[in-house]
file final_33.tsv (TSV, C-alpha atoms)
chain	number	residue	atom	x	y	z
A	54	MET	CA	49.90	15.08	12.38
A	55	ARG	CA	47.96	15.20	9.11
A	56	LYS	CA	44.98	12.90	8.53
A	57	ALA	CA	46.91	10.77	6.04
A	58	TYR	CA	49.35	9.85	8.84
A	59	ARG	CA	46.66	8.57	11.23
A	60	VAL	CA	45.00	5.22	11.81
A	61	LYS	CA	41.40	6.26	12.50
A	62	LYS	CA	38.96	3.43	11.81
A	63	GLU	CA	38.15	0.80	14.42
A	64	SER	CA	38.72	-1.95	11.82
A	65	GLU	CA	42.23	-0.62	11.11
A	66	PHE	CA	43.02	-0.50	14.84
A	67	GLN	CA	41.82	-4.10	15.22
A	68	ARG	CA	43.90	-5.27	12.25
A	69	VAL	CA	47.05	-3.79	13.84
A	70	PHE	CA	46.17	-5.31	17.25
A	71	HIS	CA	45.45	-8.78	15.89
A	72	HIS	CA	48.14	-9.08	13.21
A	73	GLY	CA	50.84	-6.73	14.49
A	74	LYS	CA	53.77	-7.34	16.83
A	75	SER	CA	53.81	-5.64	20.22
A	76	THR	CA	56.75	-4.08	22.04
A	77	ALA	CA	56.66	-2.25	25.35
A	78	ASN	CA	58.55	-0.30	27.96
A	79	ARG	CA	57.24	1.13	31.25
A	80	GLN	CA	55.41	4.07	29.67
A	81	PHE	CA	54.23	2.84	26.25
A	82	VAL	CA	53.12	-0.24	24.32
A	83	ILE	CA	53.54	-0.20	20.54
A	84	TYR	CA	51.84	-2.53	18.07
A	85	VAL	CA	53.47	-2.54	14.61
A	86	LEU	CA	52.00	-3.95	11.40
A	87	ASN	CA	53.92	-4.10	8.11
A	88	LYS	CA	52.08	-2.51	5.18
A	89	GLU	CA	53.95	-3.05	1.92
A	90	HIS	CA	53.98	-0.25	-0.68
A	91	GLN	CA	52.69	2.40	1.74
A	92	PRO	CA	54.20	5.84	1.05
A	93	HIS	CA	54.46	6.83	4.74
A	94	PHE	CA	53.79	5.46	8.22
A	95	ARG	CA	50.40	5.80	9.91
A	96	VAL	CA	49.94	6.03	13.67
A	97	GLY	CA	47.02	5.57	16.05
A	98	LEU	CA	46.99	6.74	19.67
A	99	SER	CA	45.25	5.10	22.58
A	100	VAL	CA	45.21	6.80	25.98
A	101	GLY	CA	42.73	5.07	28.29
A	102	LYS	CA	40.76	6.42	31.23
A	103	LYS	CA	43.19	4.82	33.69
A	104	ILE	CA	45.67	7.56	32.73
A	105	GLY	CA	43.56	10.34	34.21
A	106	ASN	CA	40.83	12.82	33.38
A	107	ALA	CA	40.24	14.23	29.87
A	108	VAL	CA	42.67	17.12	30.39
A	109	THR	CA	45.47	14.73	31.37
A	110	ARG	CA	44.72	12.29	28.54
A	111	ASN	CA	44.70	15.07	25.94
A	112	ALA	CA	47.99	16.45	27.28
A	113	VAL	CA	49.56	12.98	26.98
A	114	LYS	CA	48.28	12.69	23.39
A	115	ARG	CA	49.66	16.13	22.50
A	116	ARG	CA	53.10	15.20	23.86
A	117	ILE	CA	53.07	11.90	21.92
A	118	ARG	CA	52.01	13.64	18.69
A	119	GLN	CA	54.67	16.33	19.14
A	120	SER	CA	57.36	13.69	19.69
A	121	LEU	CA	56.26	11.68	16.64
A	122	THR	CA	56.21	14.83	14.50
A	123	GLU	CA	59.83	15.52	15.50
A	124	LEU	CA	60.75	11.89	14.73
A	125	LYS	CA	58.83	11.76	11.42
A	126	THR	CA	61.91	11.60	9.19
A	127	ASP	CA	63.43	8.76	11.28
A	128	LEU	CA	60.39	6.46	11.18
A	129	LYS	CA	60.09	3.63	8.64
A	130	ALA	CA	57.45	4.32	6.00
A	131	ASP	CA	55.83	0.95	5.33
A	132	LYS	CA	54.27	0.52	8.79
A	133	ASP	CA	51.03	1.11	10.65
A	134	PHE	CA	51.50	1.38	14.39
A	135	ILE	CA	49.49	2.06	17.51
A	136	VAL	CA	50.94	3.80	20.57
A	137	ILE	CA	49.22	2.90	23.83
A	138	ALA	CA	50.08	5.05	26.83
A	139	ARG	CA	50.50	3.38	30.21
A	140	LYS	CA	49.80	5.14	33.52
A	141	PRO	CA	53.40	6.42	34.12
A	142	ALA	CA	53.19	8.35	30.79
A	143	ALA	CA	50.95	10.94	32.49
A	144	ASP	CA	53.86	12.16	34.64
A	145	LEU	CA	56.38	12.65	31.81
A	146	THR	CA	57.55	15.96	30.39
A	147	THR	CA	57.69	16.46	26.61
A	148	ALA	CA	61.41	15.62	26.52
A	149	GLU	CA	60.92	12.50	28.66
A	150	THR	CA	58.01	11.42	26.46
A	151	LYS	CA	60.17	11.71	23.35
A	152	LYS	CA	63.05	9.83	24.98
A	153	SER	CA	60.73	7.02	26.09
A	154	LEU	CA	59.10	6.82	22.63
A	155	VAL	CA	62.52	6.67	20.94
A	156	HIS	CA	63.42	3.81	23.29
A	157	VAL	CA	60.30	1.75	22.56
A	158	LEU	CA	60.42	2.55	18.81
A	159	ARG	CA	64.03	1.35	18.73
A	160	LEU	CA	62.97	-1.90	20.47
A	161	ALA	CA	60.20	-2.31	17.87
A	162	LYS	CA	62.73	-1.67	15.04
A	163	MET	CA	60.62	1.23	13.77
A	164	LEU	CA	63.51	3.71	13.44
A	165	LYS	CA	65.63	3.90	10.29
A	166	LYS	CA	69.33	3.19	10.68
A	167	HIS	CA	71.41	6.38	10.93
call {"tool": "encode", "arguments": {"input": "final_33.tsv", "output": "structure tokens"}}
result
Amino acid sequence: MRKAYRVKKESEFQRVFHHGKSTANRQFVIYVLNKEHQPHFRVGLSVGKKIGNAVTRNAVKRRIRQSLTELKTDLKADKDFIVIARKPAADLTTAETKKSLVHVLRLAKMLKKH
């Protein structure tokens, strides 16, 4: 995921948390904020210490990033969103992670209509 596609600053994270809408399933919580006239989506990841040690957290983040990269063309452009991993996300395979993300993104109306 290139830098232009990431929410990095604490102030940007807080803006999405405070003004965005949240949607969740068992593995992930997603906060979505509309950003008019933005050329592409931006995503921030949050994987807390409850998930596991650093190795586990980084593996979860890699799987989420990989899934989002595969879904890039299906995601709406004018949005900032934050993906927060819940504890069960640590036990998912890459395919299960993608399936769960598609589910929660569909609930959040983040996917373009096919």
call {"tool": "atom_distance", "arguments": {"input": "final_33.tsv", "atom1": "atom CA of Lys56 of chain A", "atom2": "atom CA of Ser99 of chain A"}}
result
16.1 Å
call {"tool": "residues_around", "arguments": {"input": "final_33.tsv", "residues": "segment 157-160 of chain A", "least_positions_apart": "5", "cutoff": "8 Å", "atoms": "only C-alpha atoms", "output": "MDAnalysis selection string"}}
result
chainID A and resid 76:78 81:83
call {"tool": "atom_distance", "arguments": {"input": "final_33.tsv", "atom1": "atom CA of His90 of chain A", "atom2": "atom CA of Lys62 of chain A"}}
result
19.9 Å
call {"tool": "closest_residue", "arguments": {"input": "final_33.tsv", "among": "A:Val100, A:Pro92, A:Tyr84, A:Asp127", "to": "Phe70 of chain A", "atoms": "all atoms listed in the file"}}
result
A:Tyr84
call {"tool": "atom_distance", "arguments": {"input": "final_33.tsv", "atom1": "atom CA of His93 of chain A", "atom2": "atom CA of Gln67 of chain A"}}
result
19.7 Å
call {"tool": "closest_atom_pairs", "arguments": {"input": "final_33.tsv", "of": "segment 124-148 of chain A", "to": "segment 63-66 of chain A", "cutoff": "12 Å", "atoms": "all atoms listed in the file", "output": "JSON lines"}}
result
{"residue": "A:Asp133", "atom": "CA", "partner": "A:Glu65", "partner_atom": "CA", "distance": 9.0}
{"residue": "A:Phe134", "atom": "CA", "partner": "A:Phe66", "partner_atom": "CA", "distance": 8.7}
{"residue": "A:Ile135", "atom": "CA", "partner": "A:Phe66", "partner_atom": "CA", "distance": 7.5}
{"residue": "A:Val136", "atom": "CA", "partner": "A:Phe66", "partner_atom": "CA", "distance": 10.7}
{"residue": "A:Ile137", "atom": "CA", "partner": "A:Phe66", "partner_atom": "CA", "distance": 11.4}
call {"tool": "closest_residue", "arguments": {"input": "final_33.tsv", "among": "A:Arg139, A:Lys166, A:Lys132, A:Lys114", "to": "Gly73 of chain A", "atoms": "all atoms listed in the file"}}
result
A:Lys132
call {"tool": "residues_around", "arguments": {"input": "final_33.tsv", "residues": "Asp131 of chain A", "least_positions_apart": "5", "cutoff": "12 Å", "atoms": "all atoms listed in the file", "output": "short mmCIF file (atom, residue, chain, number, x, y, z; two decimals) with C-alpha atoms, in the frame of the given file"}}
result
data_model
loop_
_atom_site.label_atom_id
_atom_site.label_comp_id
_atom_site.auth_asym_id
_atom_site.auth_seq_id
_atom_site.Cartn_x
_atom_site.Cartn_y
_atom_site.Cartn_z
CA TYR A 58 49.35 9.85 8.84
CA VAL A 85 53.47 -2.54 14.61
CA LEU A 86 52.00 -3.95 11.40
CA ASN A 87 53.92 -4.10 8.11
CA LYS A 88 52.08 -2.51 5.18
CA GLU A 89 53.95 -3.05 1.92
CA HIS A 90 53.98 -0.25 -0.68
CA GLN A 91 52.69 2.40 1.74
CA PRO A 92 54.20 5.84 1.05
CA HIS A 93 54.46 6.83 4.74
CA PHE A 94 53.79 5.46 8.22
CA ARG A 95 50.40 5.80 9.91
CA VAL A 96 49.94 6.03 13.67
CA MET A 163 60.62 1.23 13.77
CA LEU A 164 63.51 3.71 13.44
CA LYS A 165 65.63 3.90 10.29
#
call {"tool": "closest_residue", "arguments": {"input": "final_33.tsv", "among": "A:Lys129, A:Val155, A:Ala143, A:Ala57", "to": "Arg115 of chain A", "atoms": "all atoms listed in the file"}}
result
A:Ala143
call {"tool": "residues_near_point", "arguments": {"input": "final_33.tsv", "point": "(45.7, 12.0, 24.4)", "cutoff": "10 Å", "atoms": "only C-alpha atoms", "output": "ChimeraX atom specification"}}
result
/A:98-101,104,107-118,137-138,143
call {"tool": "closest_residue", "arguments": {"input": "final_33.tsv", "among": "A:Ala142, A:Val60, A:Leu154, A:Ala148", "to": "Leu121 of chain A", "atoms": "only C-alpha atoms"}}
result
A:Leu154
call {"tool": "closest_residue", "arguments": {"input": "final_33.tsv", "among": "A:His72, A:Gly97, A:Gln80, A:Arg55", "to": "Leu145 of chain A", "atoms": "only C-alpha atoms"}}
result
A:Gln80
call {"tool": "closest_residue", "arguments": {"input": "final_33.tsv", "among": "A:Lys162, A:His156, A:Lys125, A:Arg79", "to": "Pro141 of chain A", "atoms": "all atoms listed in the file"}}
result
A:Arg79
